[in-house]
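Taking it in order: structure first as structure tokens, then the write-up.
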Amino acid sequence: VYLAGAGLAGGVVLWALGLHTSGSGVLDARWGLIPLVVTAGLELLRRTRPQFAFVCGTFALVFDMFTPGNVATILMFTDLAYTAVLYGSPAAARRIPVTTGLVSLGVTLGFLVWWGEPQAILVGLGCAVVSFGPAATGALVRNHHEAAEAARLRAEQTALLAEMDRTQAVTAERARVARELHDMVAGHLSAIAIHSTAALSLDDPAASREALTVIRENSVAGLAEMRRLIGILRDSSGDIEPAVTPTLDGLGALVDGARAGGLDVTLDAGHGTVPAPVELAAYRIVQESLTNALKHAAQGPVRVALRQADGALRVRVSSPYRPDAASRAPGSGAGLPGMRERAALLGGTLSAGPDGDRWLVCAALPLADDTDAREGEAPA
């Protein structure tokens, strides 16, 4: 509206003062007010109907050439050419600069042929300044706008991907902490539950004292591991050193603890040297398998075997199985899924299920160098 009002007012002032672009015209100077008013009205459509305004403005400019001419009409037409490219459709933005350039070239060649003098080039140059120049400027500005919009969209996509990565990382870290917490504490709590039940059911002071001793040892160990894990999670200063990650050298102590809980465990640890992530995963699988045997297995021997074969560490835990055997301690049901997740993180496999009168847990953990080292970073 401001552009239309200013252009119309300026054009009327120039017309009143008799200031025209040429000294003569086919039509009287009063006819010059028609293209002036039309072009000013088209300025109101420069954003909503830019292509329509440019086409109508072209006809108004051609009509203005038959009058003495008005500078305001020409200036408003250049704005219409500029906005037609800037705000028009992508197809129009490509066509208009090419079309105006060809028209300018055609006008130049036509006047050269007609006049036969070099001054005809000035006419073509004037046509290019009025039509091709604004259209080319609009194309440049539109390209800059599109590039800026593309950069903004890329930045938004990058931020979205970063947020998705952060969410996935948080979810993965929560799952890892949950696995570690379950593996560290479930065994101790299961032993406490089983021995407390025994202490309550037995009337033998010696047996009750032995059961209470085991309960105290497991509760103290469980509290120590819980305190250590919570300290690592809460402390961000880096002053607290993380606990040593369990290794397969600790299987002996793990088996001794299971025996203290009442299991008849035999260990065949022919695993050799394995990468740290595989070592931790194998330790946790054996630990969870012994915990499950303590809670669910029937009476009988429990066998634990570790071997390297075909580029993988094979873990096999076998315990007595009786479908109708009652569980000696409640469980959360997270043990087997946690073991499968550990094996999957290393690119391995784990199966667990009955095999006749035995319950078998079999895991194959690849020993490749590119094994996911994240598993080895888990606090113990």
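Labels for the structure tokens follow display order: chains A, B, ..., residues from 1 in each chain, ligands from 1.
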
Practice problem: Write out as a ChimeraX atom specification each polymer residue whose atoms come within 10 Å of range 300-308 of chain A, counting only C-alpha atoms; drop sequence neighbours fewer than 3 positions from it. | Solution: /A:248,251,255,258-259,263-274,282,286,289-290,293-294,297,311-321,358-367

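Residues in contact range of range 86-100 of chain A, defined as at most 9 Å between only C-alpha atoms, with sequence neighbours fewer than 3 positions away removed, read A:Arg46, A:Arg47, A:Thr48, A:Arg49, A:Pro50, A:Gln51, A:Ala81, A:Tyr82, A:Thr83, A:Val103, A:Ser104, A:Leu105, A:Cys127, A:Ala128, A:Ser131, A:Phe132, A:Gly133, A:Pro134, A:Ala135, A:Ala136, A:Thr137, A:Gly138, A:Ala139, A:Leu140, A:Val141, A:Arg142, A:Asn143.
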
Quiz prompt | Nearest to Trp15 in chain A by atom-to-atom distance, counting only C-alpha atoms, from A:Val278, A:Val71, A:Leu109, A:Leu3 | solution =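 Closest to Trp15 in chain A, using only C-alpha atoms: A:Val71.
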
Exercise. Would you kindly return, as an MDAnalysis selection string, each protein, DNA or RNA residue with an atom no farther than 7 Å from any atom of range 30-41 of chain A, considering only C-alpha atoms and excluding same-chain residues fewer than 4 positions away?
Key: chainID A and resid 4 7:8 11 57 60:61 63:64 67 69:70 73 76:77

Self-check item: Residues within 8 Å of Ala53 in chain A, only C-alpha atoms, excluding chain neighbours under 6 positions, as a list in words
Solution: Leu42, Glu43, Leu45, Arg46, Leu80 and Ala84 of chain A

Output N, CA, C and O atoms for every residue in the selection just made, as a CSV table (one decimal), in the first residue's frame.
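File produced: part-v9.csv:
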```csv
chain,number,residue,atom,x,y,z
A,42,LEU,N,-1.6,-2.3,-9.4
A,42,LEU,CA,-1.0,-3.7,-9.4
A,42,LEU,C,0.1,-3.8,-8.3
A,42,LEU,O,0.4,-5.0,-7.9
A,43,GLU,N,0.6,-2.8,-7.8
A,43,GLU,CA,1.5,-2.9,-6.7
A,43,GLU,C,0.9,-3.5,-5.4
A,43,GLU,O,1.5,-4.1,-4.6
A,45,LEU,N,-0.9,-6.0,-5.5
A,45,LEU,CA,-0.9,-7.5,-5.7
A,45,LEU,C,0.5,-8.0,-5.8
A,45,LEU,O,0.7,-9.2,-6.2
A,46,ARG,N,1.5,-7.3,-5.5
A,46,ARG,CA,2.9,-7.7,-5.7
A,46,ARG,C,3.3,-8.9,-4.9
A,46,ARG,O,4.2,-9.7,-5.2
A,80,LEU,N,7.5,-4.7,-10.0
A,80,LEU,CA,6.6,-5.8,-10.3
A,80,LEU,C,7.4,-6.9,-10.9
A,80,LEU,O,7.2,-8.1,-10.7
A,84,ALA,N,7.7,-10.6,-9.1
A,84,ALA,CA,7.2,-11.7,-9.8
A,84,ALA,C,8.2,-12.9,-9.7
A,84,ALA,O,7.8,-14.1,-9.7
```

Self-check item: Residues of range 192-319 of chain A in strand (DSSP E or B), written as JSON, numbers by chain
Solution: {"A": [264, 265, 266, 267, 268, 269, 270, 301, 302, 303, 304, 305, 306, 307, 308, 309, 312, 313, 314, 315, 316, 317, 318, 319]}

So which bits of range 142-371 of chain A end up alpha helix (DSSP H) when you DSSP the backbone, as a PDB file with C-alpha atoms, in the first residue's frame?
```pdb
ATOM      1  CA  ARG A 142      15.235 -15.813  -4.218  1.00  0.00           C
ATOM      2  CA  ASN A 143      18.225 -18.155  -4.483  1.00  0.00           C
ATOM      3  CA  HIS A 144      19.674 -16.649  -1.310  1.00  0.00           C
ATOM      4  CA  HIS A 145      16.338 -17.066   0.471  1.00  0.00           C
ATOM      5  CA  GLU A 146      16.034 -20.690  -0.656  1.00  0.00           C
ATOM      6  CA  ALA A 147      19.610 -21.410   0.404  1.00  0.00           C
ATOM      7  CA  ALA A 148      18.940 -19.859   3.812  1.00  0.00           C
ATOM      8  CA  GLU A 149      15.728 -21.876   4.172  1.00  0.00           C
ATOM      9  CA  ALA A 150      17.535 -25.067   3.182  1.00  0.00           C
ATOM     10  CA  ALA A 151      20.236 -24.322   5.745  1.00  0.00           C
ATOM     11  CA  ARG A 152      17.572 -23.711   8.383  1.00  0.00           C
ATOM     12  CA  LEU A 153      15.866 -27.014   7.560  1.00  0.00           C
ATOM     13  CA  ARG A 154      19.197 -28.825   7.695  1.00  0.00           C
ATOM     14  CA  ALA A 155      19.897 -27.257  11.070  1.00  0.00           C
ATOM     15  CA  GLU A 156      16.469 -28.347  12.330  1.00  0.00           C
ATOM     16  CA  GLN A 157      17.027 -31.872  11.000  1.00  0.00           C
ATOM     17  CA  THR A 158      20.465 -31.968  12.610  1.00  0.00           C
ATOM     18  CA  ALA A 159      18.996 -30.816  15.907  1.00  0.00           C
ATOM     19  CA  LEU A 160      16.228 -33.418  15.604  1.00  0.00           C
ATOM     20  CA  LEU A 161      18.733 -36.178  14.866  1.00  0.00           C
ATOM     21  CA  ALA A 162      20.885 -35.023  17.772  1.00  0.00           C
ATOM     22  CA  GLU A 163      17.859 -35.138  20.073  1.00  0.00           C
ATOM     23  CA  MET A 164      16.975 -38.619  18.808  1.00  0.00           C
ATOM     24  CA  ASP A 165      20.564 -39.746  19.385  1.00  0.00           C
ATOM     25  CA  ARG A 166      20.485 -38.264  22.874  1.00  0.00           C
ATOM     26  CA  THR A 167      17.195 -40.001  23.646  1.00  0.00           C
ATOM     27  CA  GLN A 168      18.495 -43.317  22.340  1.00  0.00           C
ATOM     28  CA  ALA A 169      21.712 -42.883  24.322  1.00  0.00           C
ATOM     29  CA  VAL A 170      19.755 -42.167  27.506  1.00  0.00           C
ATOM     30  CA  THR A 171      17.511 -45.180  26.884  1.00  0.00           C
ATOM     31  CA  ALA A 172      20.501 -47.426  26.207  1.00  0.00           C
ATOM     32  CA  GLU A 173      22.288 -46.161  29.308  1.00  0.00           C
ATOM     33  CA  ARG A 174      19.210 -46.750  31.468  1.00  0.00           C
ATOM     34  CA  ALA A 175      18.944 -50.290  30.107  1.00  0.00           C
ATOM     35  CA  ARG A 176      22.643 -50.883  30.797  1.00  0.00           C
ATOM     36  CA  VAL A 177      22.383 -49.588  34.363  1.00  0.00           C
ATOM     37  CA  ALA A 178      19.264 -51.714  34.904  1.00  0.00           C
ATOM     38  CA  ARG A 179      21.126 -54.815  33.719  1.00  0.00           C
ATOM     39  CA  GLU A 180      24.096 -54.093  35.955  1.00  0.00           C
ATOM     40  CA  LEU A 181      21.899 -53.375  38.959  1.00  0.00           C
ATOM     41  CA  HIS A 182      19.925 -56.560  38.440  1.00  0.00           C
ATOM     42  CA  ASP A 183      23.004 -58.729  37.944  1.00  0.00           C
ATOM     43  CA  MET A 184      24.830 -57.306  40.968  1.00  0.00           C
ATOM     44  CA  VAL A 185      22.000 -57.364  43.469  1.00  0.00           C
ATOM     45  CA  ALA A 186      19.654 -60.174  42.371  1.00  0.00           C
ATOM     46  CA  GLY A 187      22.022 -62.942  43.435  1.00  0.00           C
ATOM     47  CA  HIS A 188      22.554 -61.510  46.909  1.00  0.00           C
ATOM     48  CA  LEU A 189      18.849 -60.832  47.451  1.00  0.00           C
ATOM     49  CA  SER A 190      17.926 -64.322  46.258  1.00  0.00           C
ATOM     50  CA  ALA A 191      20.388 -65.877  48.703  1.00  0.00           C
ATOM     51  CA  ILE A 192      19.001 -63.688  51.489  1.00  0.00           C
ATOM     52  CA  ALA A 193      15.415 -64.715  50.667  1.00  0.00           C
ATOM     53  CA  ILE A 194      16.243 -68.436  50.540  1.00  0.00           C
ATOM     54  CA  HIS A 195      18.304 -68.519  53.724  1.00  0.00           C
ATOM     55  CA  SER A 196      15.849 -66.359  55.654  1.00  0.00           C
ATOM     56  CA  THR A 197      13.122 -68.853  54.703  1.00  0.00           C
ATOM     57  CA  ALA A 198      15.351 -71.680  55.928  1.00  0.00           C
ATOM     58  CA  ALA A 199      16.134 -69.850  59.163  1.00  0.00           C
ATOM     59  CA  LEU A 200      12.439 -69.340  59.851  1.00  0.00           C
ATOM     60  CA  SER A 201      11.504 -72.955  59.063  1.00  0.00           C
ATOM     61  CA  PRO A 205      19.993 -73.054  66.425  1.00  0.00           C
ATOM     62  CA  ALA A 206      23.179 -74.059  64.588  1.00  0.00           C
ATOM     63  CA  ALA A 207      21.461 -74.207  61.197  1.00  0.00           C
ATOM     64  CA  SER A 208      19.688 -70.933  61.880  1.00  0.00           C
ATOM     65  CA  ARG A 209      22.964 -69.291  62.853  1.00  0.00           C
ATOM     66  CA  GLU A 210      24.610 -70.560  59.660  1.00  0.00           C
ATOM     67  CA  ALA A 211      21.699 -69.240  57.593  1.00  0.00           C
ATOM     68  CA  LEU A 212      21.865 -65.849  59.339  1.00  0.00           C
ATOM     69  CA  THR A 213      25.593 -65.707  58.673  1.00  0.00           C
ATOM     70  CA  VAL A 214      24.999 -66.232  54.958  1.00  0.00           C
ATOM     71  CA  ILE A 215      22.206 -63.635  55.060  1.00  0.00           C
ATOM     72  CA  ARG A 216      24.511 -61.088  56.667  1.00  0.00           C
ATOM     73  CA  GLU A 217      27.333 -61.756  54.195  1.00  0.00           C
ATOM     74  CA  ASN A 218      25.035 -61.380  51.203  1.00  0.00           C
ATOM     75  CA  SER A 219      23.309 -58.286  52.584  1.00  0.00           C
ATOM     76  CA  VAL A 220      26.631 -56.577  53.297  1.00  0.00           C
ATOM     77  CA  ALA A 221      27.985 -57.490  49.855  1.00  0.00           C
ATOM     78  CA  GLY A 222      24.773 -56.363  48.171  1.00  0.00           C
ATOM     79  CA  LEU A 223      24.761 -53.053  50.037  1.00  0.00           C
ATOM     80  CA  ALA A 224      28.415 -52.454  49.159  1.00  0.00           C
ATOM     81  CA  GLU A 225      27.793 -53.059  45.458  1.00  0.00           C
ATOM     82  CA  MET A 226      24.642 -50.937  45.521  1.00  0.00           C
ATOM     83  CA  ARG A 227      26.485 -48.118  47.279  1.00  0.00           C
ATOM     84  CA  ARG A 228      29.306 -48.323  44.759  1.00  0.00           C
ATOM     85  CA  LEU A 229      26.947 -48.142  41.781  1.00  0.00           C
ATOM     86  CA  ILE A 230      24.934 -45.270  43.249  1.00  0.00           C
ATOM     87  CA  GLY A 231      28.154 -43.389  43.996  1.00  0.00           C
ATOM     88  CA  ILE A 232      29.274 -43.728  40.391  1.00  0.00           C
ATOM     89  CA  LEU A 233      25.882 -42.567  39.092  1.00  0.00           C
ATOM     90  CA  ARG A 234      25.577 -39.579  41.442  1.00  0.00           C
ATOM     91  CA  LEU A 251      34.326 -67.200  38.649  1.00  0.00           C
ATOM     92  CA  GLY A 252      35.845 -69.209  41.487  1.00  0.00           C
ATOM     93  CA  ALA A 253      34.566 -66.767  44.096  1.00  0.00           C
ATOM     94  CA  LEU A 254      31.226 -66.683  42.306  1.00  0.00           C
ATOM     95  CA  VAL A 255      30.947 -70.467  42.443  1.00  0.00           C
ATOM     96  CA  ASP A 256      31.969 -70.504  46.106  1.00  0.00           C
ATOM     97  CA  GLY A 257      29.150 -68.079  46.860  1.00  0.00           C
ATOM     98  CA  ALA A 258      26.696 -70.313  45.011  1.00  0.00           C
ATOM     99  CA  ARG A 259      27.898 -73.319  46.988  1.00  0.00           C
ATOM    100  CA  ALA A 260      27.389 -71.369  50.186  1.00  0.00           C
ATOM    101  CA  ALA A 276      37.343 -57.484  28.299  1.00  0.00           C
ATOM    102  CA  PRO A 277      33.775 -56.921  26.975  1.00  0.00           C
ATOM    103  CA  VAL A 278      33.351 -60.661  26.338  1.00  0.00           C
ATOM    104  CA  GLU A 279      34.821 -61.402  29.749  1.00  0.00           C
ATOM    105  CA  LEU A 280      32.318 -59.175  31.533  1.00  0.00           C
ATOM    106  CA  ALA A 281      29.355 -60.525  29.550  1.00  0.00           C
ATOM    107  CA  ALA A 282      30.378 -64.138  30.247  1.00  0.00           C
ATOM    108  CA  TYR A 283      30.808 -63.397  33.966  1.00  0.00           C
ATOM    109  CA  ARG A 284      27.363 -61.796  34.171  1.00  0.00           C
ATOM    110  CA  ILE A 285      25.739 -64.673  32.250  1.00  0.00           C
ATOM    111  CA  VAL A 286      27.248 -67.222  34.623  1.00  0.00           C
ATOM    112  CA  GLN A 287      26.273 -65.072  37.617  1.00  0.00           C
ATOM    113  CA  GLU A 288      22.653 -64.760  36.488  1.00  0.00           C
ATOM    114  CA  SER A 289      22.483 -68.459  35.577  1.00  0.00           C
ATOM    115  CA  LEU A 290      23.661 -69.456  39.061  1.00  0.00           C
ATOM    116  CA  THR A 291      21.170 -67.026  40.615  1.00  0.00           C
ATOM    117  CA  ASN A 292      18.345 -68.596  38.595  1.00  0.00           C
ATOM    118  CA  ALA A 293      19.554 -72.067  39.592  1.00  0.00           C
ATOM    119  CA  LEU A 294      19.558 -71.008  43.229  1.00  0.00           C
ATOM    120  CA  LYS A 295      15.950 -69.836  42.935  1.00  0.00           C
ATOM    121  CA  HIS A 296      14.421 -72.400  40.582  1.00  0.00           C
ATOM    122  CA  GLY A 335      17.242 -62.238  34.114  1.00  0.00           C
ATOM    123  CA  LEU A 336      16.902 -64.078  30.795  1.00  0.00           C
ATOM    124  CA  PRO A 337      16.141 -60.916  28.758  1.00  0.00           C
ATOM    125  CA  GLY A 338      19.176 -59.248  30.332  1.00  0.00           C
ATOM    126  CA  MET A 339      21.431 -62.168  29.373  1.00  0.00           C
ATOM    127  CA  ARG A 340      20.111 -62.134  25.818  1.00  0.00           C
ATOM    128  CA  GLU A 341      20.735 -58.377  25.595  1.00  0.00           C
ATOM    129  CA  ARG A 342      24.328 -58.836  26.730  1.00  0.00           C
ATOM    130  CA  ALA A 343      24.929 -61.508  24.107  1.00  0.00           C
ATOM    131  CA  ALA A 344      23.226 -59.453  21.382  1.00  0.00           C
ATOM    132  CA  LEU A 345      25.329 -56.370  22.180  1.00  0.00           C
TER     133      LEU A 345
END
```

Quiz prompt | Point-to-point distance in Å for CA of Thr21 in chain A and CA of Ala6 in chain A | solution =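 Interatomic distance, CA of Ala6 in chain A to CA of Thr21 in chain A: 18.6 Å.
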
Quiz item: Which one is closest to Val13 in chain A: A:Ala72, A:Asp355, A:Val85, A:Phe59? Count only C-alpha atoms.
Solution: A:Ala72

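Between CA of Gly106 in chain A and CA of Thr78 in chain A the interatomic distance comes to 18.9 Å.
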
Practice problem: Using only C-alpha atoms, determine which residues lie at most 7 Å from Gly25 in chain A, disregarding the query and same-chain residues fewer than 3 positions distant; provide the list as a VMD selection string. | Solution: chain A and resid 28 66 to 68

Expected file: the selected residues, C-alpha atoms, as a PDB file, in the first residue's frame:
```
ATOM      1  CA  ASP A  28      -1.538  13.112 -25.163  1.00  0.00           C
ATOM      2  CA  PHE A  66       2.661   5.605 -26.591  1.00  0.00           C
ATOM      3  CA  THR A  67       2.429   8.567 -24.196  1.00  0.00           C
ATOM      4  CA  PRO A  68       5.159  11.035 -23.186  1.00  0.00           C
TER       5      PRO A  68
END
```

Self-check item: Using only C-alpha atoms: which of A:Ala368, A:Arg322, A:Ile74, A:Pro275 has the shortest distance to Gly356 in chain A
Solution: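 Checking each candidate against Gly356 in chain A, we get A:Arg322 as the closest.
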